[in-house]
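One file, upload-v3.cif, carrying mmCIF, C-alpha atoms:
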```
data_data
#
loop_
_atom_site.group_PDB
_atom_site.id
_atom_site.type_symbol
_atom_site.label_atom_id
_atom_site.label_comp_id
_atom_site.auth_asym_id
_atom_site.auth_seq_id
_atom_site.Cartn_x
_atom_site.Cartn_y
_atom_site.Cartn_z
ATOM 1 C CA MET A 1144 94.657 88.822 94.318
ATOM 2 C CA GLU A 1145 94.568 87.829 97.971
ATOM 3 C CA TYR A 1146 95.167 90.466 100.651
ATOM 4 C CA ARG A 1147 96.601 89.565 104.035
ATOM 5 C CA PRO A 1148 97.324 91.359 107.311
ATOM 6 C CA LEU A 1149 100.967 92.270 107.846
ATOM 7 C CA GLY A 1150 101.751 90.507 111.104
ATOM 8 C CA LYS A 1151 99.472 91.476 113.975
ATOM 9 C CA SER A 1152 98.693 94.891 112.519
ATOM 10 C CA GLY A 1153 95.827 96.551 110.729
ATOM 11 C CA LEU A 1154 97.893 96.943 107.563
ATOM 12 C CA ARG A 1155 96.830 94.644 104.725
ATOM 13 C CA VAL A 1156 99.058 93.882 101.758
ATOM 14 C CA SER A 1157 98.751 91.966 98.502
ATOM 15 C CA ALA A 1158 100.037 88.376 98.601
ATOM 16 C CA VAL A 1159 102.443 89.312 95.808
ATOM 17 C CA GLY A 1160 104.413 92.518 96.271
ATOM 18 C CA LEU A 1161 106.573 94.381 93.771
ATOM 19 C CA GLY A 1162 110.262 94.705 94.566
ATOM 20 C CA CYS A 1163 111.478 98.008 93.130
ATOM 21 C CA ASN A 1164 115.235 97.463 93.218
ATOM 22 C CA ASN A 1165 115.351 97.403 89.392
ATOM 23 C CA PHE A 1166 113.989 100.932 89.114
ATOM 24 C CA GLY A 1167 116.774 103.340 88.231
ATOM 25 C CA MET A 1168 119.218 100.479 87.763
ATOM 26 C CA LYS A 1169 117.856 98.148 85.085
ATOM 27 C CA ILE A 1170 114.948 100.246 83.826
ATOM 28 C CA ASP A 1171 114.412 103.994 83.409
ATOM 29 C CA LYS A 1172 111.609 106.283 84.548
ATOM 30 C CA ASP A 1173 109.277 105.549 81.629
ATOM 31 C CA ALA A 1174 109.716 101.773 81.872
ATOM 32 C CA THR A 1175 109.155 102.009 85.624
ATOM 33 C CA ALA A 1176 105.796 103.701 85.028
ATOM 34 C CA VAL A 1177 104.738 100.884 82.701
ATOM 35 C CA VAL A 1178 105.616 98.234 85.310
ATOM 36 C CA VAL A 1179 103.956 100.140 88.165
ATOM 37 C CA ASN A 1180 100.786 100.683 86.134
ATOM 38 C CA LYS A 1181 100.566 96.985 85.325
ATOM 39 C CA ALA A 1182 101.154 96.083 88.981
ATOM 40 C CA ILE A 1183 98.322 98.306 90.177
ATOM 41 C CA ASP A 1184 95.996 97.005 87.461
ATOM 42 C CA SER A 1185 96.873 93.462 88.563
ATOM 43 C CA GLY A 1186 95.919 94.101 92.187
ATOM 44 C CA ILE A 1187 99.384 94.555 93.673
ATOM 45 C CA THR A 1188 99.305 97.029 96.554
ATOM 46 C CA LEU A 1189 102.706 96.474 98.206
ATOM 47 C CA PHE A 1190 105.608 98.331 96.593
ATOM 48 C CA ASP A 1191 108.953 97.696 98.270
ATOM 49 C CA THR A 1192 111.906 100.002 97.668
ATOM 50 C CA ALA A 1193 114.868 101.496 99.577
ATOM 51 C CA ASP A 1194 116.805 104.735 99.685
ATOM 52 C CA VAL A 1195 119.838 103.022 98.107
ATOM 53 C CA TYR A 1196 118.095 101.291 95.205
ATOM 54 C CA GLY A 1197 119.080 102.678 91.836
ATOM 55 C CA GLY A 1198 121.330 105.209 93.526
ATOM 56 C CA THR A 1199 118.186 106.757 95.140
ATOM 57 C CA LYS A 1200 116.405 106.798 91.743
ATOM 58 C CA SER A 1201 114.086 103.921 92.669
ATOM 59 C CA GLU A 1202 112.154 106.042 95.172
ATOM 60 C CA GLU A 1203 111.978 108.949 92.719
ATOM 61 C CA PHE A 1204 110.740 106.802 89.839
ATOM 62 C CA LEU A 1205 108.221 104.977 92.044
ATOM 63 C CA GLY A 1206 106.791 108.198 93.448
ATOM 64 C CA ALA A 1207 106.433 109.703 89.972
ATOM 65 C CA ALA A 1208 104.785 106.557 88.611
ATOM 66 C CA LEU A 1209 102.244 106.370 91.439
ATOM 67 C CA GLY A 1210 101.172 109.991 91.209
ATOM 68 C CA ASP A 1211 97.684 110.566 92.611
ATOM 69 C CA ARG A 1212 97.213 106.825 93.163
ATOM 70 C CA ARG A 1213 99.632 106.924 96.065
ATOM 71 C CA LYS A 1214 96.894 106.477 98.702
ATOM 72 C CA ARG A 1215 95.716 103.269 97.027
ATOM 73 C CA VAL A 1216 98.978 101.449 97.704
ATOM 74 C CA VAL A 1217 101.354 100.524 100.503
ATOM 75 C CA ILE A 1218 104.788 102.073 100.096
ATOM 76 C CA ALA A 1219 107.504 100.200 101.942
ATOM 77 C CA THR A 1220 110.963 101.713 101.892
ATOM 78 C CA LYS A 1221 114.151 101.207 103.874
ATOM 79 C CA PHE A 1222 116.955 103.137 105.521
ATOM 80 C CA GLY A 1223 120.336 102.281 106.977
ATOM 81 C CA PHE A 1224 122.170 100.289 104.297
ATOM 82 C CA GLY A 1225 124.136 103.190 102.785
ATOM 83 C CA PRO A 1226 126.235 105.058 102.704
ATOM 84 C CA ILE A 1227 123.997 107.255 100.584
ATOM 85 C CA VAL A 1228 126.615 109.948 99.958
ATOM 86 C CA GLY A 1229 129.971 108.585 98.762
ATOM 87 C CA ASP A 1230 131.839 107.016 101.642
ATOM 88 C CA ASP A 1231 130.255 109.251 104.291
ATOM 89 C CA ALA A 1232 129.605 106.848 107.186
ATOM 90 C CA ALA A 1233 127.132 109.338 108.653
ATOM 91 C CA THR A 1234 124.718 108.611 105.791
ATOM 92 C CA LYS A 1235 123.928 105.060 106.834
ATOM 93 C CA GLY A 1236 123.102 103.038 109.926
ATOM 94 C CA GLY A 1237 120.447 103.228 112.606
ATOM 95 C CA SER A 1238 121.383 106.406 114.481
ATOM 96 C CA ARG A 1239 118.742 108.987 115.336
ATOM 97 C CA ARG A 1240 120.694 111.574 113.390
ATOM 98 C CA TRP A 1241 120.611 109.539 110.177
ATOM 99 C CA ILE A 1242 117.077 108.156 110.543
ATOM 100 C CA MET A 1243 115.542 111.628 110.783
ATOM 101 C CA ARG A 1244 117.407 112.849 107.715
ATOM 102 C CA ALA A 1245 116.887 109.640 105.753
ATOM 103 C CA CYS A 1246 113.135 109.736 106.342
ATOM 104 C CA GLU A 1247 112.826 113.330 105.118
ATOM 105 C CA ASP A 1248 114.884 112.488 102.025
ATOM 106 C CA SER A 1249 112.734 109.438 101.230
ATOM 107 C CA LEU A 1250 109.524 111.426 101.679
ATOM 108 C CA ARG A 1251 110.807 114.031 99.237
ATOM 109 C CA ARG A 1252 111.925 111.511 96.638
ATOM 110 C CA LEU A 1253 108.680 109.539 96.883
ATOM 111 C CA GLY A 1254 106.587 112.699 96.650
ATOM 112 C CA THR A 1255 104.508 111.790 99.685
ATOM 113 C CA ASP A 1256 103.998 113.020 103.234
ATOM 114 C CA TYR A 1257 103.987 109.585 104.866
ATOM 115 C CA ILE A 1258 105.589 106.150 104.490
ATOM 116 C CA ASP A 1259 103.367 103.135 105.128
ATOM 117 C CA LEU A 1260 106.151 100.762 106.182
ATOM 118 C CA TYR A 1261 109.595 102.083 107.121
ATOM 119 C CA GLN A 1262 112.152 99.285 107.382
ATOM 120 C CA TYR A 1263 115.533 99.104 109.102
ATOM 121 C CA HIS A 1264 117.537 97.751 106.154
ATOM 122 C CA THR A 1265 120.421 96.059 107.949
ATOM 123 C CA PRO A 1266 121.616 95.964 111.562
ATOM 124 C CA ASP A 1267 124.049 98.626 112.734
ATOM 125 C CA ALA A 1268 126.432 97.239 115.337
ATOM 126 C CA ASN A 1269 127.467 100.757 116.366
ATOM 127 C CA THR A 1270 123.995 101.971 117.352
ATOM 128 C CA PRO A 1271 121.915 100.576 120.237
ATOM 129 C CA MET A 1272 118.561 99.158 119.149
ATOM 130 C CA ASP A 1273 116.961 101.358 121.787
ATOM 131 C CA GLU A 1274 118.126 104.502 119.938
ATOM 132 C CA THR A 1275 116.870 103.216 116.586
ATOM 133 C CA LEU A 1276 113.457 102.260 117.940
ATOM 134 C CA ARG A 1277 112.994 105.564 119.799
ATOM 135 C CA ALA A 1278 113.742 107.514 116.610
ATOM 136 C CA LEU A 1279 111.300 105.395 114.621
ATOM 137 C CA ASP A 1280 108.674 105.780 117.343
ATOM 138 C CA ASP A 1281 109.019 109.558 117.059
ATOM 139 C CA LEU A 1282 108.465 109.367 113.295
ATOM 140 C CA VAL A 1283 105.295 107.352 113.864
ATOM 141 C CA HIS A 1284 103.994 109.892 116.378
ATOM 142 C CA GLN A 1285 104.823 112.684 113.932
ATOM 143 C CA GLY A 1286 102.667 110.976 111.289
ATOM 144 C CA LYS A 1287 105.537 110.578 108.837
ATOM 145 C CA VAL A 1288 105.598 106.794 109.219
ATOM 146 C CA ARG A 1289 102.633 104.456 109.736
ATOM 147 C CA TYR A 1290 104.332 101.139 110.582
ATOM 148 C CA ILE A 1291 107.909 99.954 111.027
ATOM 149 C CA GLY A 1292 109.710 96.775 110.061
ATOM 150 C CA SER A 1293 113.143 95.222 109.943
ATOM 151 C CA SER A 1294 115.246 93.645 107.220
ATOM 152 C CA ASN A 1295 118.169 91.221 107.466
ATOM 153 C CA LEU A 1296 117.990 90.992 111.266
ATOM 154 C CA ALA A 1297 118.700 87.695 112.993
ATOM 155 C CA GLY A 1298 116.067 86.025 115.145
ATOM 156 C CA TRP A 1299 117.682 87.186 118.393
ATOM 157 C CA GLN A 1300 117.789 90.776 117.140
ATOM 158 C CA VAL A 1301 114.087 90.692 116.296
ATOM 159 C CA ALA A 1302 113.359 89.298 119.756
ATOM 160 C CA ASP A 1303 115.580 91.944 121.349
ATOM 161 C CA ALA A 1304 113.764 94.723 119.472
ATOM 162 C CA GLU A 1305 110.411 93.292 120.562
ATOM 163 C CA TRP A 1306 111.470 93.260 124.216
ATOM 164 C CA ILE A 1307 112.780 96.848 124.053
ATOM 165 C CA ALA A 1308 109.599 98.086 122.376
ATOM 166 C CA ARG A 1309 107.394 96.387 124.938
ATOM 167 C CA ALA A 1310 109.485 97.510 127.923
ATOM 168 C CA HIS A 1311 109.469 101.163 126.867
ATOM 169 C CA ASN A 1312 106.058 101.301 125.162
ATOM 170 C CA LEU A 1313 107.575 102.032 121.742
ATOM 171 C CA THR A 1314 106.249 101.227 118.286
ATOM 172 C CA ARG A 1315 107.161 97.626 117.461
ATOM 173 C CA PHE A 1316 108.252 95.974 114.241
ATOM 174 C CA VAL A 1317 105.343 94.384 112.365
ATOM 175 C CA SER A 1318 107.450 92.805 109.617
ATOM 176 C CA ALA A 1319 110.821 91.204 108.930
ATOM 177 C CA GLN A 1320 112.128 91.185 105.367
ATOM 178 C CA ASN A 1321 114.793 88.530 104.854
ATOM 179 C CA GLN A 1322 116.032 86.237 102.113
ATOM 180 C CA TYR A 1323 113.845 83.149 102.039
ATOM 181 C CA ASN A 1324 113.280 80.614 99.287
ATOM 182 C CA LEU A 1325 113.276 76.901 98.561
ATOM 183 C CA LEU A 1326 117.084 76.793 98.558
ATOM 184 C CA ASP A 1327 117.693 79.142 101.498
ATOM 185 C CA ARG A 1328 115.558 78.228 104.491
ATOM 186 C CA SER A 1329 117.888 79.612 107.149
ATOM 187 C CA VAL A 1330 115.141 81.892 108.519
ATOM 188 C CA GLU A 1331 113.246 78.817 109.675
ATOM 189 C CA LYS A 1332 115.811 78.064 112.402
ATOM 190 C CA GLU A 1333 115.376 81.146 114.598
ATOM 191 C CA LEU A 1334 113.747 84.058 112.765
ATOM 192 C CA ALA A 1335 110.485 82.321 111.855
ATOM 193 C CA PRO A 1336 109.849 81.027 115.411
ATOM 194 C CA ALA A 1337 110.515 84.504 116.823
ATOM 195 C CA CYS A 1338 108.219 86.141 114.285
ATOM 196 C CA ARG A 1339 105.486 83.589 114.939
ATOM 197 C CA LYS A 1340 105.638 84.202 118.681
ATOM 198 C CA TYR A 1341 105.522 87.983 118.385
ATOM 199 C CA GLY A 1342 103.076 88.238 115.487
ATOM 200 C CA ILE A 1343 105.579 89.609 112.980
ATOM 201 C CA GLY A 1344 105.068 88.903 109.285
ATOM 202 C CA ILE A 1345 108.008 87.661 107.212
ATOM 203 C CA LEU A 1346 108.372 89.294 103.785
ATOM 204 C CA PRO A 1347 110.663 87.034 101.707
ATOM 205 C CA TYR A 1348 112.965 88.603 99.162
ATOM 206 C CA PHE A 1349 114.841 86.660 96.450
ATOM 207 C CA PRO A 1350 111.945 84.134 96.292
ATOM 208 C CA LEU A 1351 113.539 82.656 93.161
ATOM 209 C CA ALA A 1352 116.992 82.317 94.750
ATOM 210 C CA SER A 1353 118.333 85.202 92.662
ATOM 211 C CA GLY A 1354 116.724 83.710 89.556
ATOM 212 C CA PHE A 1355 118.078 80.166 89.931
ATOM 213 C CA LEU A 1356 114.581 78.769 90.468
ATOM 214 C CA SER A 1357 113.205 80.530 87.391
ATOM 215 C CA GLY A 1358 114.355 77.821 84.979
ATOM 216 C CA LYS A 1359 116.718 80.029 82.999
ATOM 217 C CA TYR A 1360 119.811 78.233 84.320
ATOM 218 C CA ARG A 1361 120.817 74.737 83.241
ATOM 219 C CA ARG A 1362 123.316 72.195 84.527
ATOM 220 C CA GLY A 1363 126.615 72.325 82.627
ATOM 221 C CA SER A 1364 125.848 75.663 80.943
ATOM 222 C CA PRO A 1365 127.242 79.063 81.970
ATOM 223 C CA PRO A 1366 124.713 81.556 83.368
ATOM 224 C CA PRO A 1367 123.116 83.723 80.655
ATOM 225 C CA GLU A 1368 124.979 86.986 80.071
ATOM 226 C CA GLY A 1369 123.656 89.889 82.104
ATOM 227 C CA THR A 1370 121.839 87.737 84.668
ATOM 228 C CA ARG A 1371 122.402 88.282 88.379
ATOM 229 C CA LEU A 1372 124.246 84.995 88.835
ATOM 230 C CA ALA A 1373 126.571 85.810 85.938
ATOM 231 C CA LEU A 1374 127.388 89.198 87.447
ATOM 232 C CA TRP A 1375 127.951 87.704 90.909
ATOM 233 C CA GLY A 1376 130.937 85.592 89.848
ATOM 234 C CA ARG A 1377 131.908 83.089 92.550
ATOM 235 C CA ARG A 1378 128.802 83.823 94.570
ATOM 236 C CA GLY A 1379 126.724 82.935 91.527
ATOM 237 C CA GLU A 1380 128.783 79.803 90.917
ATOM 238 C CA ALA A 1381 128.088 78.675 94.481
ATOM 239 C CA ILE A 1382 124.337 78.873 93.868
ATOM 240 C CA MET A 1383 124.739 76.949 90.597
ATOM 241 C CA SER A 1384 126.177 73.925 92.397
ATOM 242 C CA GLU A 1385 125.571 70.304 91.456
ATOM 243 C CA GLY A 1386 123.632 69.834 94.661
ATOM 244 C CA ASN A 1387 121.301 72.731 93.921
ATOM 245 C CA PHE A 1388 120.714 71.537 90.368
ATOM 246 C CA GLY A 1389 119.789 68.153 91.798
ATOM 247 C CA ILE A 1390 117.230 69.780 94.105
ATOM 248 C CA LEU A 1391 115.926 71.953 91.272
ATOM 249 C CA GLU A 1392 115.293 68.951 89.034
ATOM 250 C CA LYS A 1393 113.340 67.184 91.797
ATOM 251 C CA LEU A 1394 111.271 70.301 92.441
ATOM 252 C CA GLU A 1395 110.574 70.729 88.728
ATOM 253 C CA GLY A 1396 109.270 67.173 88.615
ATOM 254 C CA PHE A 1397 107.039 67.827 91.639
ATOM 255 C CA ALA A 1398 105.592 70.971 90.032
ATOM 256 C CA GLN A 1399 105.125 69.442 86.577
ATOM 257 C CA ALA A 1400 103.268 66.467 88.029
ATOM 258 C CA ARG A 1401 100.678 68.978 89.263
ATOM 259 C CA GLY A 1402 100.535 71.048 86.097
ATOM 260 C CA LYS A 1403 102.522 73.857 87.719
ATOM 261 C CA THR A 1404 105.739 75.722 86.949
ATOM 262 C CA MET A 1405 108.739 76.329 89.179
ATOM 263 C CA LEU A 1406 107.570 79.930 89.503
ATOM 264 C CA ASP A 1407 104.242 78.651 90.835
ATOM 265 C CA LEU A 1408 106.014 76.384 93.312
ATOM 266 C CA ALA A 1409 108.490 79.016 94.495
ATOM 267 C CA PHE A 1410 105.723 81.520 95.263
ATOM 268 C CA GLY A 1411 103.055 79.050 96.349
ATOM 269 C CA TRP A 1412 105.359 77.281 98.811
ATOM 270 C CA LEU A 1413 106.300 80.554 100.513
ATOM 271 C CA LEU A 1414 102.702 81.794 100.673
ATOM 272 C CA SER A 1415 101.594 78.483 102.190
ATOM 273 C CA HIS A 1416 103.446 79.421 105.409
ATOM 274 C CA ASP A 1417 101.133 81.202 107.839
ATOM 275 C CA TYR A 1418 103.815 83.726 108.812
ATOM 276 C CA VAL A 1419 104.339 84.961 105.216
ATOM 277 C CA PRO A 1420 101.806 87.661 104.281
ATOM 278 C CA SER A 1421 103.425 88.657 100.986
ATOM 279 C CA VAL A 1422 106.279 87.679 98.673
ATOM 280 C CA ILE A 1423 108.504 90.479 97.336
ATOM 281 C CA ALA A 1424 109.371 89.894 93.680
ATOM 282 C CA GLY A 1425 111.045 92.215 91.214
ATOM 283 C CA ALA A 1426 109.933 92.836 87.636
ATOM 284 C CA THR A 1427 111.162 94.850 84.679
ATOM 285 C CA THR A 1428 108.283 94.143 82.273
ATOM 286 C CA PRO A 1429 104.471 93.876 82.412
ATOM 287 C CA GLU A 1430 104.794 90.217 81.404
ATOM 288 C CA GLN A 1431 106.829 89.490 84.530
ATOM 289 C CA ILE A 1432 104.130 91.136 86.629
ATOM 290 C CA GLU A 1433 101.518 88.844 85.075
ATOM 291 C CA ALA A 1434 103.644 85.770 85.740
ATOM 292 C CA ASN A 1435 104.338 86.746 89.352
ATOM 293 C CA VAL A 1436 100.674 87.434 90.097
ATOM 294 C CA ALA A 1437 99.610 84.120 88.560
ATOM 295 C CA ALA A 1438 102.292 82.280 90.545
ATOM 296 C CA GLY A 1439 100.937 83.759 93.767
ATOM 297 C CA GLU A 1440 97.619 81.930 93.419
ATOM 298 C CA TRP A 1441 98.735 78.390 94.377
ATOM 299 C CA ARG A 1442 98.493 77.207 97.989
ATOM 300 C CA LEU A 1443 100.037 73.832 98.737
ATOM 301 C CA ALA A 1444 98.094 71.297 100.778
ATOM 302 C CA GLU A 1445 99.640 70.026 104.009
ATOM 303 C CA ASP A 1446 100.741 66.747 102.423
ATOM 304 C CA GLU A 1447 102.311 68.636 99.515
ATOM 305 C CA MET A 1448 104.296 70.802 101.922
ATOM 306 C CA THR A 1449 105.516 67.618 103.605
ATOM 307 C CA GLN A 1450 106.564 66.184 100.235
ATOM 308 C CA VAL A 1451 108.468 69.347 99.314
ATOM 309 C CA ASP A 1452 110.253 69.269 102.690
ATOM 310 C CA ALA A 1453 111.316 65.683 101.994
ATOM 311 C CA LEU A 1454 112.661 66.646 98.562
ATOM 312 C CA LEU A 1455 114.625 69.531 100.018
ATOM 313 C CA GLU A 1456 116.068 67.341 102.753
ATOM 314 C CA GLY A 1457 117.043 64.599 100.296
ATOM 315 C CA GLU A 1458 114.659 62.012 101.720
ATOM 316 C CA GLU A 1459 113.099 61.177 98.345
#
```
Represent the structure of the file as structure tokens.
Amino acid sequence: MEYRPLGKSGLRVSAVGLGCNNFGMKIDKDATAVVVNKAIDSGITLFDTADVYGGTKSEEFLGAALGDRRKRVVIATKFGFGPIVGDDAATKGGSRRWIMRACEDSLRRLGTDYIDLYQYHTPDANTPMDETLRALDDLVHQGKVRYIGSSNLAGWQVADAEWIARAHNLTRFVSAQNQYNLLDRSVEKELAPACRKYGIGILPYFPLASGFLSGKYRRGSPPPEGTRLALWGRRGEAIMSEGNFGILEKLEGFAQARGKTMLDLAFGWLLSHDYVPSVIAGATTPEQIEANVAAGEWRLAEDEMTQVDALLEGEE
């Protein structure tokens, strides 16, 4: 396993991270422990969760599974997506009031006294970024949070947060977790340039385009029952478009010509970008952990990256 710095910070993370959104939703506490144990044994140190995953069970199951190994790993969790309690609007967002409560709740569920990376899950249009950053800065000074990051922010919002942090000497974001994969490269337009300039690491989620790049979906066939794209209805149908299947087939040919799988290409392509320190990938079984870790070993050469770009842009 390769370990990389998270942006311009002293925090190092495994090139392949474990997304914990399945904990408490698709798998129970015992199955979570099996997956976490395999991840640690495989060299994974970055465990990414959120206060809303599994109806708050993800943090509980992760904390229980880690036990006394907690200090060996990097726990990344999130706040702000909510609402956590029914339709109570006060239990979401980026307000100081909610951040302070959300942090205490996450610490309790995780069974720890500090969070390595505390991430702003989604932007809150009703709360000034200044208020959010000042609250997070207080948590860092209190020792309850080590580093802070964002998730689902646009490039201009990341730049705005950087300016505010610098102007007021506040703790700055060291990471940005956004959807990024071979089929969705929207972060490359504005977010990636902003993160490069300010030394912020991008943590891609949905590296397999919600499973589409895994090879389990085929042109002309309905999505397998129980898969994410089957459950998503029209949103899933949009991903399973003729155009995307055309791209997938070209990418499969590229990977096969090099003795690689689509999983290898999906992970290796992301990790070949200098602003990507780690790829967040979910797993519900030890076998999936093994596959993800193996896929994280490939680094594409410069000419191979150019070839993949041409395939994605329809030039070949």
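Between atom CA of Arg1239 of chain A and atom CA of Ala1278 of chain A the separation is 5.4 Å.
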Which residues of segment 1303-1384 of chain A come within 12 Å of segment 1437-1450 of chain A, and for each one, what is the closest pair of atoms and their distance in Å to one decimal, counting all atoms listed in the file, sorted by chain and residue number, as JSON lines?
```
{"residue": "A:Leu1325", "atom": "CA", "partner": "A:Met1448", "partner_atom": "CA", "distance": 11.4}
{"residue": "A:Pro1350", "atom": "CA", "partner": "A:Gly1439", "partner_atom": "CA", "distance": 11.3}
{"residue": "A:Leu1351", "atom": "CA", "partner": "A:Ala1438", "partner_atom": "CA", "distance": 11.6}
{"residue": "A:Ser1357", "atom": "CA", "partner": "A:Ala1438", "partner_atom": "CA", "distance": 11.5}
```
Spatial neighbours of Glu1392 of chain A, max dist 12 Å, all atoms listed in the file, sep filter under 6 positions, as number ranges by chain: A: 1355-1358, 1360-1362, 1385-1386, 1398-1399, 1404-1405, 1454-1455
Kindly resolve the PyMOL selection byres ((chain A and resi 1298-1309) around 12) on the present coordinates and return the residues as a CSV table (one decimal) with C-alpha atoms, keeping the file's coordinate frame.
```
chain,number,residue,atom,x,y,z
A,1263,TYR,CA,115.5,99.1,109.1
A,1265,THR,CA,120.4,96.1,107.9
A,1266,PRO,CA,121.6,96.0,111.6
A,1267,ASP,CA,124.0,98.6,112.7
A,1268,ALA,CA,126.4,97.2,115.3
A,1271,PRO,CA,121.9,100.6,120.2
A,1272,MET,CA,118.6,99.2,119.1
A,1273,ASP,CA,117.0,101.4,121.8
A,1274,GLU,CA,118.1,104.5,119.9
A,1275,THR,CA,116.9,103.2,116.6
A,1276,LEU,CA,113.5,102.3,117.9
A,1277,ARG,CA,113.0,105.6,119.8
A,1278,ALA,CA,113.7,107.5,116.6
A,1279,LEU,CA,111.3,105.4,114.6
A,1280,ASP,CA,108.7,105.8,117.3
A,1291,ILE,CA,107.9,100.0,111.0
A,1292,GLY,CA,109.7,96.8,110.1
A,1293,SER,CA,113.1,95.2,109.9
A,1294,SER,CA,115.2,93.6,107.2
A,1295,ASN,CA,118.2,91.2,107.5
A,1296,LEU,CA,118.0,91.0,111.3
A,1297,ALA,CA,118.7,87.7,113.0
A,1310,ALA,CA,109.5,97.5,127.9
A,1311,HIS,CA,109.5,101.2,126.9
A,1312,ASN,CA,106.1,101.3,125.2
A,1313,LEU,CA,107.6,102.0,121.7
A,1314,THR,CA,106.2,101.2,118.3
A,1315,ARG,CA,107.2,97.6,117.5
A,1316,PHE,CA,108.3,96.0,114.2
A,1317,VAL,CA,105.3,94.4,112.4
A,1318,SER,CA,107.4,92.8,109.6
A,1319,ALA,CA,110.8,91.2,108.9
A,1320,GLN,CA,112.1,91.2,105.4
A,1321,ASN,CA,114.8,88.5,104.9
A,1329,SER,CA,117.9,79.6,107.1
A,1330,VAL,CA,115.1,81.9,108.5
A,1331,GLU,CA,113.2,78.8,109.7
A,1332,LYS,CA,115.8,78.1,112.4
A,1333,GLU,CA,115.4,81.1,114.6
A,1334,LEU,CA,113.7,84.1,112.8
A,1335,ALA,CA,110.5,82.3,111.9
A,1336,PRO,CA,109.8,81.0,115.4
A,1337,ALA,CA,110.5,84.5,116.8
A,1338,CYS,CA,108.2,86.1,114.3
A,1339,ARG,CA,105.5,83.6,114.9
A,1340,LYS,CA,105.6,84.2,118.7
A,1341,TYR,CA,105.5,88.0,118.4
A,1342,GLY,CA,103.1,88.2,115.5
A,1343,ILE,CA,105.6,89.6,113.0
A,1344,GLY,CA,105.1,88.9,109.3
A,1345,ILE,CA,108.0,87.7,107.2
```
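With distances restricted to all atoms listed in the file, A:Lys1169 is the closest residue to Thr1370 of chain A from A:Lys1169, A:Gly1237, A:Tyr1290, A:Ile1187.
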Could I see segment 1188-1199 of chain A restored to N, CA and C atoms, set down as a compact mmCIF listing (two decimals), in the frame of the given file?
```txt
# COMPACT_ATOMS: atom_id res chain seq x y z
N THR A 1188 99.37 95.81 95.74
CA THR A 1188 99.30 97.03 96.55
C THR A 1188 100.60 97.31 97.30
N LEU A 1189 101.46 96.30 97.45
CA LEU A 1189 102.71 96.47 98.21
C LEU A 1189 103.87 96.76 97.26
N PHE A 1190 104.46 97.92 97.41
CA PHE A 1190 105.61 98.33 96.59
C PHE A 1190 106.79 98.53 97.53
N ASP A 1191 107.81 97.70 97.36
CA ASP A 1191 108.95 97.70 98.27
C ASP A 1191 110.19 98.29 97.61
N THR A 1192 110.72 99.34 98.20
CA THR A 1192 111.91 100.00 97.67
C THR A 1192 112.88 100.29 98.81
N ALA A 1193 113.89 101.10 98.55
CA ALA A 1193 114.87 101.50 99.58
C ALA A 1193 115.58 102.74 99.10
N ASP A 1194 116.14 103.48 100.06
CA ASP A 1194 116.80 104.74 99.68
C ASP A 1194 118.07 104.51 98.87
N VAL A 1195 118.61 103.29 98.87
CA VAL A 1195 119.84 103.02 98.11
C VAL A 1195 119.58 102.40 96.74
N TYR A 1196 118.36 101.96 96.47
CA TYR A 1196 118.10 101.29 95.20
C TYR A 1196 118.21 102.27 94.04
N GLY A 1197 118.94 101.83 93.01
CA GLY A 1197 119.08 102.68 91.84
C GLY A 1197 119.81 103.97 92.13
N GLY A 1198 120.65 103.96 93.17
CA GLY A 1198 121.33 105.21 93.53
C GLY A 1198 120.35 106.29 93.94
N THR A 1199 119.31 105.93 94.66
CA THR A 1199 118.19 106.76 95.14
C THR A 1199 117.13 106.99 94.07
```
